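> Compact mmCIF, C-alpha atoms, file my_file_5.txt:
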# COMPACT_ATOMS: atom_id res chain seq x y z
CA ASN A 1 0.00 0.00 0.00
CA GLU A 2 0.96 3.67 -0.16
CA GLY A 3 1.95 3.71 3.52
CA MET A 4 4.56 0.99 3.04
CA LYS A 5 5.92 2.75 -0.06
CA ARG A 6 6.32 5.99 1.92
CA ILE A 7 8.14 4.13 4.70
CA LEU A 8 10.55 2.53 2.22
CA LEU A 9 11.14 5.88 0.54
CA PHE A 10 11.77 7.52 3.92
CA LEU A 11 14.27 4.81 4.89
CA LEU A 12 16.01 5.18 1.53
CA CYS A 13 16.34 8.95 1.99
CA LEU A 14 17.52 8.49 5.58
CA PHE A 15 20.10 5.94 4.48
CA LEU A 16 21.45 8.26 1.78
CA GLU A 17 21.51 11.20 4.20
CA ILE A 18 23.54 9.18 6.70
CA GLY A 19 25.91 8.15 3.93
CA ILE A 20 26.44 11.78 2.87
CA TRP A 21 26.92 12.88 6.48
CA VAL A 22 29.55 10.30 7.38
CA THR A 23 31.55 11.03 4.23
CA THR A 24 31.54 14.83 4.60
CA ARG A 25 31.60 15.29 8.35
CA ASN A 26 33.90 18.20 9.30
CA GLY A 27 35.62 17.93 5.93
CA LYS A 28 37.47 14.87 7.19
CA ILE A 29 37.55 11.41 5.67
CA PRO A 30 35.79 9.08 8.13
CA PRO A 31 37.45 5.89 9.34
CA ARG A 32 37.54 2.95 6.95
CA TRP A 33 35.36 0.90 9.31
CA ILE A 34 32.58 3.40 8.55
CA VAL A 35 33.31 4.07 4.87
CA ILE A 36 33.57 0.45 3.72
CA PRO A 37 30.22 -0.77 5.16
CA VAL A 38 28.46 2.33 3.78
CA GLU A 39 29.99 1.78 0.34
CA ILE A 40 28.98 -1.89 0.39
CA LEU A 41 25.42 -1.02 1.34
CA VAL A 42 25.21 1.63 -1.38
CA LEU A 43 26.53 -0.81 -3.99
CA MET A 44 24.11 -3.50 -2.83
CA PHE A 45 21.18 -1.09 -3.07
CA CYS A 46 22.23 0.01 -6.55
CA LEU A 47 22.54 -3.64 -7.63
CA VAL A 48 19.07 -4.46 -6.28
CA PHE A 49 17.63 -1.39 -8.00
CA ILE A 50 19.19 -2.35 -11.35
CA ILE A 51 18.05 -5.97 -11.14
CA ILE A 52 14.46 -5.14 -10.18
CA GLU A 53 14.16 -2.38 -12.80
CA ALA A 54 15.58 -4.70 -15.47
CA VAL A 55 12.93 -7.31 -14.64
CA ILE A 56 10.15 -4.68 -14.63
CA ILE A 57 11.30 -3.38 -18.03
CA GLN A 58 11.57 -6.89 -19.47
CA TRP A 59 8.01 -7.78 -18.41
CA SER A 60 6.72 -4.44 -19.71
CA LYS A 61 7.24 -5.83 -23.23
CA GLU A 62 4.95 -8.84 -22.64
CA LYS A 63 2.70 -9.84 -25.56
CA PRO A 64 -0.78 -11.29 -24.91
CA THR A 65 -2.10 -14.47 -26.48
CA ASN A 66 -5.14 -14.34 -28.76
CA ASP A 67 -8.59 -15.66 -27.90
CA ALA A 68 -8.18 -15.49 -24.11
CA ASP A 69 -11.22 -16.47 -22.08
CA TYR A 70 -10.99 -13.39 -19.86
CA LEU A 71 -9.39 -9.97 -20.09
CA ILE A 72 -9.02 -8.20 -16.74
CA ILE A 73 -8.56 -4.43 -16.85
CA LEU A 74 -6.89 -3.21 -13.67
CA GLY A 75 -8.24 0.09 -12.43
CA ALA A 76 -6.43 3.37 -11.88
CA LYS A 77 -7.32 6.89 -10.79
CA VAL A 78 -10.69 8.34 -11.84
CA ASN A 79 -10.99 12.14 -11.96
CA GLY A 80 -14.59 12.77 -11.00
CA ASP A 81 -16.33 10.46 -13.45
CA GLN A 82 -13.63 10.55 -16.15
CA PRO A 83 -10.59 8.29 -16.44
CA SER A 84 -7.14 9.63 -15.68
CA LEU A 85 -4.58 9.46 -18.48
CA THR A 86 -3.20 6.19 -17.07
CA LEU A 87 -6.63 4.58 -16.88
CA ARG A 88 -7.63 5.89 -20.32
CA GLN A 89 -4.58 4.24 -21.88
CA ARG A 90 -5.44 0.94 -20.16
CA ILE A 91 -9.02 1.15 -21.45
CA GLN A 92 -7.93 1.90 -25.00
CA THR A 93 -5.45 -0.99 -24.96
CA ALA A 94 -8.14 -3.32 -23.61
CA ALA A 95 -10.67 -2.16 -26.23
CA GLU A 96 -8.22 -2.92 -29.03
CA TYR A 97 -7.72 -6.45 -27.71
CA LEU A 98 -11.45 -7.05 -27.26
CA LYS A 99 -12.21 -5.92 -30.81
CA GLN A 100 -9.57 -8.29 -32.17
CA ASN A 101 -10.79 -11.15 -29.95
CA PRO A 102 -14.61 -11.09 -29.93
CA GLY A 103 -14.93 -14.23 -27.83
CA THR A 104 -13.09 -12.77 -24.84
CA VAL A 105 -15.04 -11.66 -21.76
CA ALA A 106 -13.84 -8.45 -20.08
CA ILE A 107 -13.68 -7.85 -16.33
CA ALA A 108 -13.51 -4.19 -15.30
CA SER A 109 -11.79 -4.16 -11.91
CA GLY A 110 -11.46 -1.31 -9.42
CA GLY A 111 -13.32 0.16 -6.47
CA LYS A 112 -14.32 3.74 -5.69
CA GLY A 113 -11.91 6.07 -3.94
CA SER A 114 -13.02 8.81 -1.56
CA ASP A 115 -12.20 11.45 -4.18
CA GLU A 116 -13.85 9.63 -7.08
CA ASP A 117 -17.47 10.12 -8.17
CA ILE A 118 -17.81 6.60 -9.61
CA SER A 119 -15.91 3.37 -9.18
CA GLU A 120 -12.97 2.59 -11.45
CA ALA A 121 -14.88 -0.46 -12.67
CA GLN A 122 -17.89 1.67 -13.64
CA CYS A 123 -15.63 4.13 -15.46
CA ILE A 124 -13.92 1.29 -17.36
CA TYR A 125 -17.32 -0.18 -18.26
CA GLU A 126 -18.71 3.11 -19.58
CA GLN A 127 -15.59 3.90 -21.60
CA LEU A 128 -15.43 0.41 -23.14
CA VAL A 129 -19.08 0.67 -24.18
CA ALA A 130 -18.38 4.11 -25.68
CA LEU A 131 -15.54 2.52 -27.66
CA GLY A 132 -17.91 -0.04 -29.17
CA ILE A 133 -17.54 -3.04 -26.82
CA GLU A 134 -20.82 -4.89 -26.23
CA PRO A 135 -22.10 -4.34 -22.66
CA GLU A 136 -22.94 -8.04 -22.25
CA ARG A 137 -19.26 -8.88 -22.66
CA ILE A 138 -18.23 -6.80 -19.65
CA LEU A 139 -18.35 -7.99 -16.03
CA MET A 140 -17.66 -5.56 -13.18
CA GLU A 141 -15.64 -5.97 -9.99
CA ASP A 142 -16.05 -2.71 -8.05
CA GLN A 143 -14.86 -3.50 -4.51
CA SER A 144 -11.06 -3.77 -4.83
CA THR A 145 -8.65 -1.19 -3.45
CA SER A 146 -5.29 -2.69 -4.52
CA THR A 147 -3.75 -4.81 -7.25
CA LYS A 148 -3.91 -7.86 -5.00
CA GLU A 149 -7.62 -7.32 -4.42
CA ASN A 150 -8.18 -6.63 -8.16
CA LEU A 151 -6.93 -10.13 -8.88
CA GLU A 152 -8.47 -11.83 -5.86
CA PHE A 153 -11.98 -10.46 -6.45
CA SER A 154 -11.79 -10.90 -10.23
CA SER A 155 -10.87 -14.54 -9.67
CA LYS A 156 -14.07 -14.99 -7.69
CA ILE A 157 -16.08 -13.45 -10.54
CA ILE A 158 -14.49 -15.87 -12.99
CA LYS A 159 -15.41 -18.82 -10.77
CA GLU A 160 -18.97 -17.56 -10.43
CA ASN A 161 -19.22 -17.08 -14.19
CA GLU A 162 -18.18 -20.66 -14.74
CA ASP A 163 -21.51 -21.81 -13.35
CA TYR A 164 -22.74 -21.06 -16.86
CA ALA A 165 -20.05 -23.36 -18.21
CA LEU A 166 -21.30 -26.05 -15.83
CA GLN A 167 -24.74 -25.66 -17.40
CA ILE A 168 -23.23 -26.26 -20.84
CA TYR A 169 -21.44 -29.36 -19.58
CA TRP A 170 -24.67 -30.55 -18.00
CA GLU A 171 -26.54 -30.27 -21.28
CA TYR A 172 -23.76 -31.97 -23.21
CA TYR A 173 -23.25 -34.93 -20.90
CA MET A 174 -26.77 -35.48 -19.58
CA ASN A 175 -29.20 -34.74 -22.42
CA PRO A 176 -30.45 -37.91 -24.09
CA ASP A 177 -29.65 -38.50 -27.74
CA ASP A 178 -32.13 -39.62 -30.40
CA ASP A 179 -32.18 -43.19 -29.03
CA GLY A 180 -33.09 -41.99 -25.55
CA GLU A 181 -29.69 -42.91 -24.13
CA THR A 182 -27.37 -40.62 -22.22
CA GLU A 183 -24.85 -39.21 -24.67
CA ARG A 184 -21.80 -40.00 -22.53
CA SER A 185 -22.55 -43.32 -20.87
CA GLU A 186 -19.30 -43.34 -18.86
CA TYR A 187 -20.92 -40.69 -16.66
CA ARG A 188 -23.96 -42.90 -15.85
CA GLU A 189 -24.25 -45.74 -13.34
CA ALA A 190 -24.73 -49.18 -14.94
CA ASP A 191 -27.84 -49.94 -12.91
CA GLY A 192 -29.50 -46.65 -13.79
CA ASP A 193 -30.03 -45.69 -10.12
CA GLU A 194 -27.70 -42.69 -10.09
CA THR A 195 -29.47 -39.53 -8.93
CA ILE A 196 -29.28 -36.13 -10.59
CA THR A 197 -27.16 -34.93 -7.66
CA ASP A 198 -24.69 -37.75 -8.25
CA ARG A 199 -24.50 -36.94 -11.92
CA GLU A 200 -23.99 -33.23 -11.27
CA GLN A 201 -21.17 -34.06 -8.87
CA ARG A 202 -19.52 -36.19 -11.55
CA ILE A 203 -19.70 -33.27 -13.99
CA ARG A 204 -18.31 -30.86 -11.40
CA GLU A 205 -15.36 -33.22 -10.95
CA LEU A 206 -14.88 -33.22 -14.71
CA VAL A 207 -14.90 -29.42 -14.83
CA GLU A 208 -12.32 -29.28 -12.06
CA ARG A 209 -10.06 -31.70 -13.95
CA GLU A 210 -10.47 -29.88 -17.27
CA PRO A 211 -10.99 -26.15 -16.57
CA ILE A 212 -12.97 -24.45 -19.30
CA HIS A 213 -11.85 -20.85 -18.78
CA GLU A 214 -8.21 -20.85 -17.78
CA THR A 215 -6.57 -18.33 -20.11
CA VAL A 216 -6.51 -14.80 -18.69
CA VAL A 217 -4.97 -11.62 -20.06
CA LEU A 218 -4.18 -8.75 -17.69
CA THR A 219 -4.38 -5.22 -19.05
CA THR A 220 -2.46 -2.66 -17.03
CA THR A 221 0.26 -0.07 -17.63
CA ASP A 222 3.60 -1.45 -18.87
CA PHE A 223 5.53 -0.79 -15.64
CA HIS A 224 2.86 -2.65 -13.66
CA ILE A 225 2.80 -5.91 -15.67
CA TYR A 226 5.48 -7.75 -13.67
CA ARG A 227 3.86 -7.19 -10.28
CA ALA A 228 0.40 -7.97 -11.63
CA MET A 229 1.67 -11.25 -13.08
CA TYR A 230 3.31 -12.59 -9.93
CA LEU A 231 0.34 -11.54 -7.79
CA ALA A 232 -1.95 -13.38 -10.25
CA ASP A 233 0.22 -16.46 -9.82
CA GLN A 234 -0.22 -16.19 -6.06
CA GLU A 235 -3.99 -15.98 -6.49
CA GLY A 236 -3.98 -19.31 -8.32
CA TYR A 237 -4.56 -18.15 -11.89
CA GLY A 238 -3.73 -20.73 -14.53
CA VAL A 239 -2.39 -19.44 -17.83
CA VAL A 240 -1.87 -15.66 -17.62
CA TYR A 241 -0.51 -13.16 -20.13
CA GLY A 242 0.19 -9.45 -19.88
CA ASN A 243 -1.31 -6.82 -22.18
CA PRO A 244 0.71 -3.67 -21.41
CA ALA A 245 -0.67 -0.20 -21.98
CA PRO A 246 1.91 2.52 -22.71
CA SER A 247 3.16 4.97 -20.11
CA ALA A 248 3.15 8.68 -20.80
CA TRP A 249 6.82 9.52 -21.36
CA TRP A 250 6.90 12.23 -18.69
CA LEU A 251 5.56 9.79 -16.10
CA ILE A 252 8.12 7.06 -16.77
CA PRO A 253 10.67 8.11 -14.07
CA THR A 254 7.97 8.45 -11.40
CA ASN A 255 6.09 5.29 -12.37
CA TYR A 256 9.13 3.04 -12.58
CA THR A 257 10.61 4.36 -9.32
CA ARG A 258 7.32 3.84 -7.47
CA GLU A 259 7.00 0.38 -8.96
CA PHE A 260 10.52 -0.47 -7.77
CA LEU A 261 9.45 0.43 -4.24
CA ALA A 262 6.25 -1.63 -4.59
CA VAL A 263 8.19 -4.69 -5.79
CA LEU A 264 10.80 -4.19 -3.06
CA LYS A 265 7.99 -4.11 -0.51
CA ASP A 266 6.63 -7.39 -1.90
CA VAL A 267 10.12 -8.92 -1.75
CA VAL A 268 10.36 -7.93 1.93
CA LEU A 269 6.89 -9.39 2.59
CA GLY A 270 7.66 -12.57 0.65
CA ARG A 271 5.04 -12.04 -2.05
CA VAL A 272 7.32 -12.36 -5.07
CA VAL A 273 7.04 -15.92 -6.37
CA GLY A 274 8.82 -15.75 -9.70
Take the structure in the file and give it back as structure tokens.

Amino acid sequence: NEGMKRILLFLLCLFLEIGIWVTTRNGKIPPRWIVIPVEILVLMFCLVFIIIEAVIIQWSKEKPTNDADYLIILGAKVNGDQPSLTLRQRIQTAAEYLKQNPGTVAIASGGKGSDEDISEAQCIYEQLVALGIEPERILMEDQSTSTKENLEFSSKIIKENEDYALQIYWEYYMNPDDDGETERSEYREADGDETITDREQRIRELVEREPIHETVVLTTTDFHIYRAMYLADQEGYGVVYGNPAPSAWWLIPTNYTREFLAVLKDVVLGRVVG
């Protein structure tokens, strides 16, 4: 969250201030037992920064697969009832994908902040519809307040939506064919005494073994793809791809520095899984 990012930024500034102080104190060179540990810590921090930024940049070039089952658009700031520049770019990138892949279902994800007139999900929904995306293709998740919650709550919506898939499986496996026999006899007891509940349970087990909707594409800003991907992995998503929206060039230094702090926070908390 923002509080943890501010703490990490404060500690970073404090650390640098101490380093400057010990190396310039009274115009004298401090003892080597002070200089060497400070230099090592500075070099270690620079190495960590370079490694994490390199990974963030590498993942920012991720390419999505075609014909995904779900496209999740991660929310960002809403100004009143209009999307911020960052959110608008995410929406436009998502709309392009949805137009090219008409079978994909969109999930607009993002709650309502205290300074926002509508939820991020509602804003995404309205903008997608204005860009020509069919309303029936868009599901809304409007309770999340963080990337982790975006993915957690959207996962629940996907699971709820798969009840419809269960209905399709039910019709396929249980409807009788022209001869009055069950189409897939391996899902019927030999003595014919199996109840509807038993049969439904068998189909549920089949769905669990062979997930219908497992391919998910995440649309977010390029710098945010890496963190969104490893948090999705933690939430138990199956096959996930990134669909990066571009960053405004003047926001790149701020965005990538903030994202470094967010990833560093997740490293400290043990959230980074790969």
> Can you pull out the residues contacting Gly238 in chain A? Cut-off 9 Å, using only C-alpha atoms, and skip same-chain residues under 3 positions away; I want them as a VMD selection string.
chain A and resid 214 to 216 232 to 233
> Counting only C-alpha atoms, figure out which residue out of A:Ser155, A:Thr65, A:Thr147, A:Thr254 gets nearest to Tyr226 in chain A.
A:Thr147
> In Å, with one decimal, what is the gap from CA of Ile225 in chain A to CA of Lys77 in chain A?
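Between these atoms lies a distance of 17.0 Å.
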> So that I can check the surroundings of range 132-143 of chain A, please list as a PyMOL selection string every protein, DNA and RNA residue that reaches within 6 Å of it, counting all atoms listed in the file and ignoring chain neighbours fewer than 5 positions away.
chain A and resi 105-111+121
> Work out how far CA of Glu96 in chain A is from CA of Val78 in chain A, in Å to one decimal.
20.7 Å
> Using only C-alpha atoms, can you list as a list in words the residues within 6 Å of (-8.9, -15.4, -23.8)?
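Residues with an atom close enough to that point: Asp67, Ala68, Asp69, Tyr70, Thr104, Thr215 and Val216 of chain A.
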> Please report the interatomic distance between CA of Tyr230 in chain A and CA of Lys156 in chain A in Å with one decimal.
17.7 Å
> I'd like the contact shell of Thr93 in chain A - 12 Å cut-off, all atoms listed in the file, skipping same-chain residues fewer than 3 positions apart - returned as a PyMOL selection string.
chain A and resi 64+71-74+86-90+96-100+124+127-128+131+217-222+242-247
> Of the candidates A:Cys123, A:Ile52, A:Leu151, A:Ile158, which shows the shortest atom-to-atom distance to Lys265 in chain A, using only C-alpha atoms?
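Checking each candidate against Lys265 in chain A, we get A:Ile52 as the closest.
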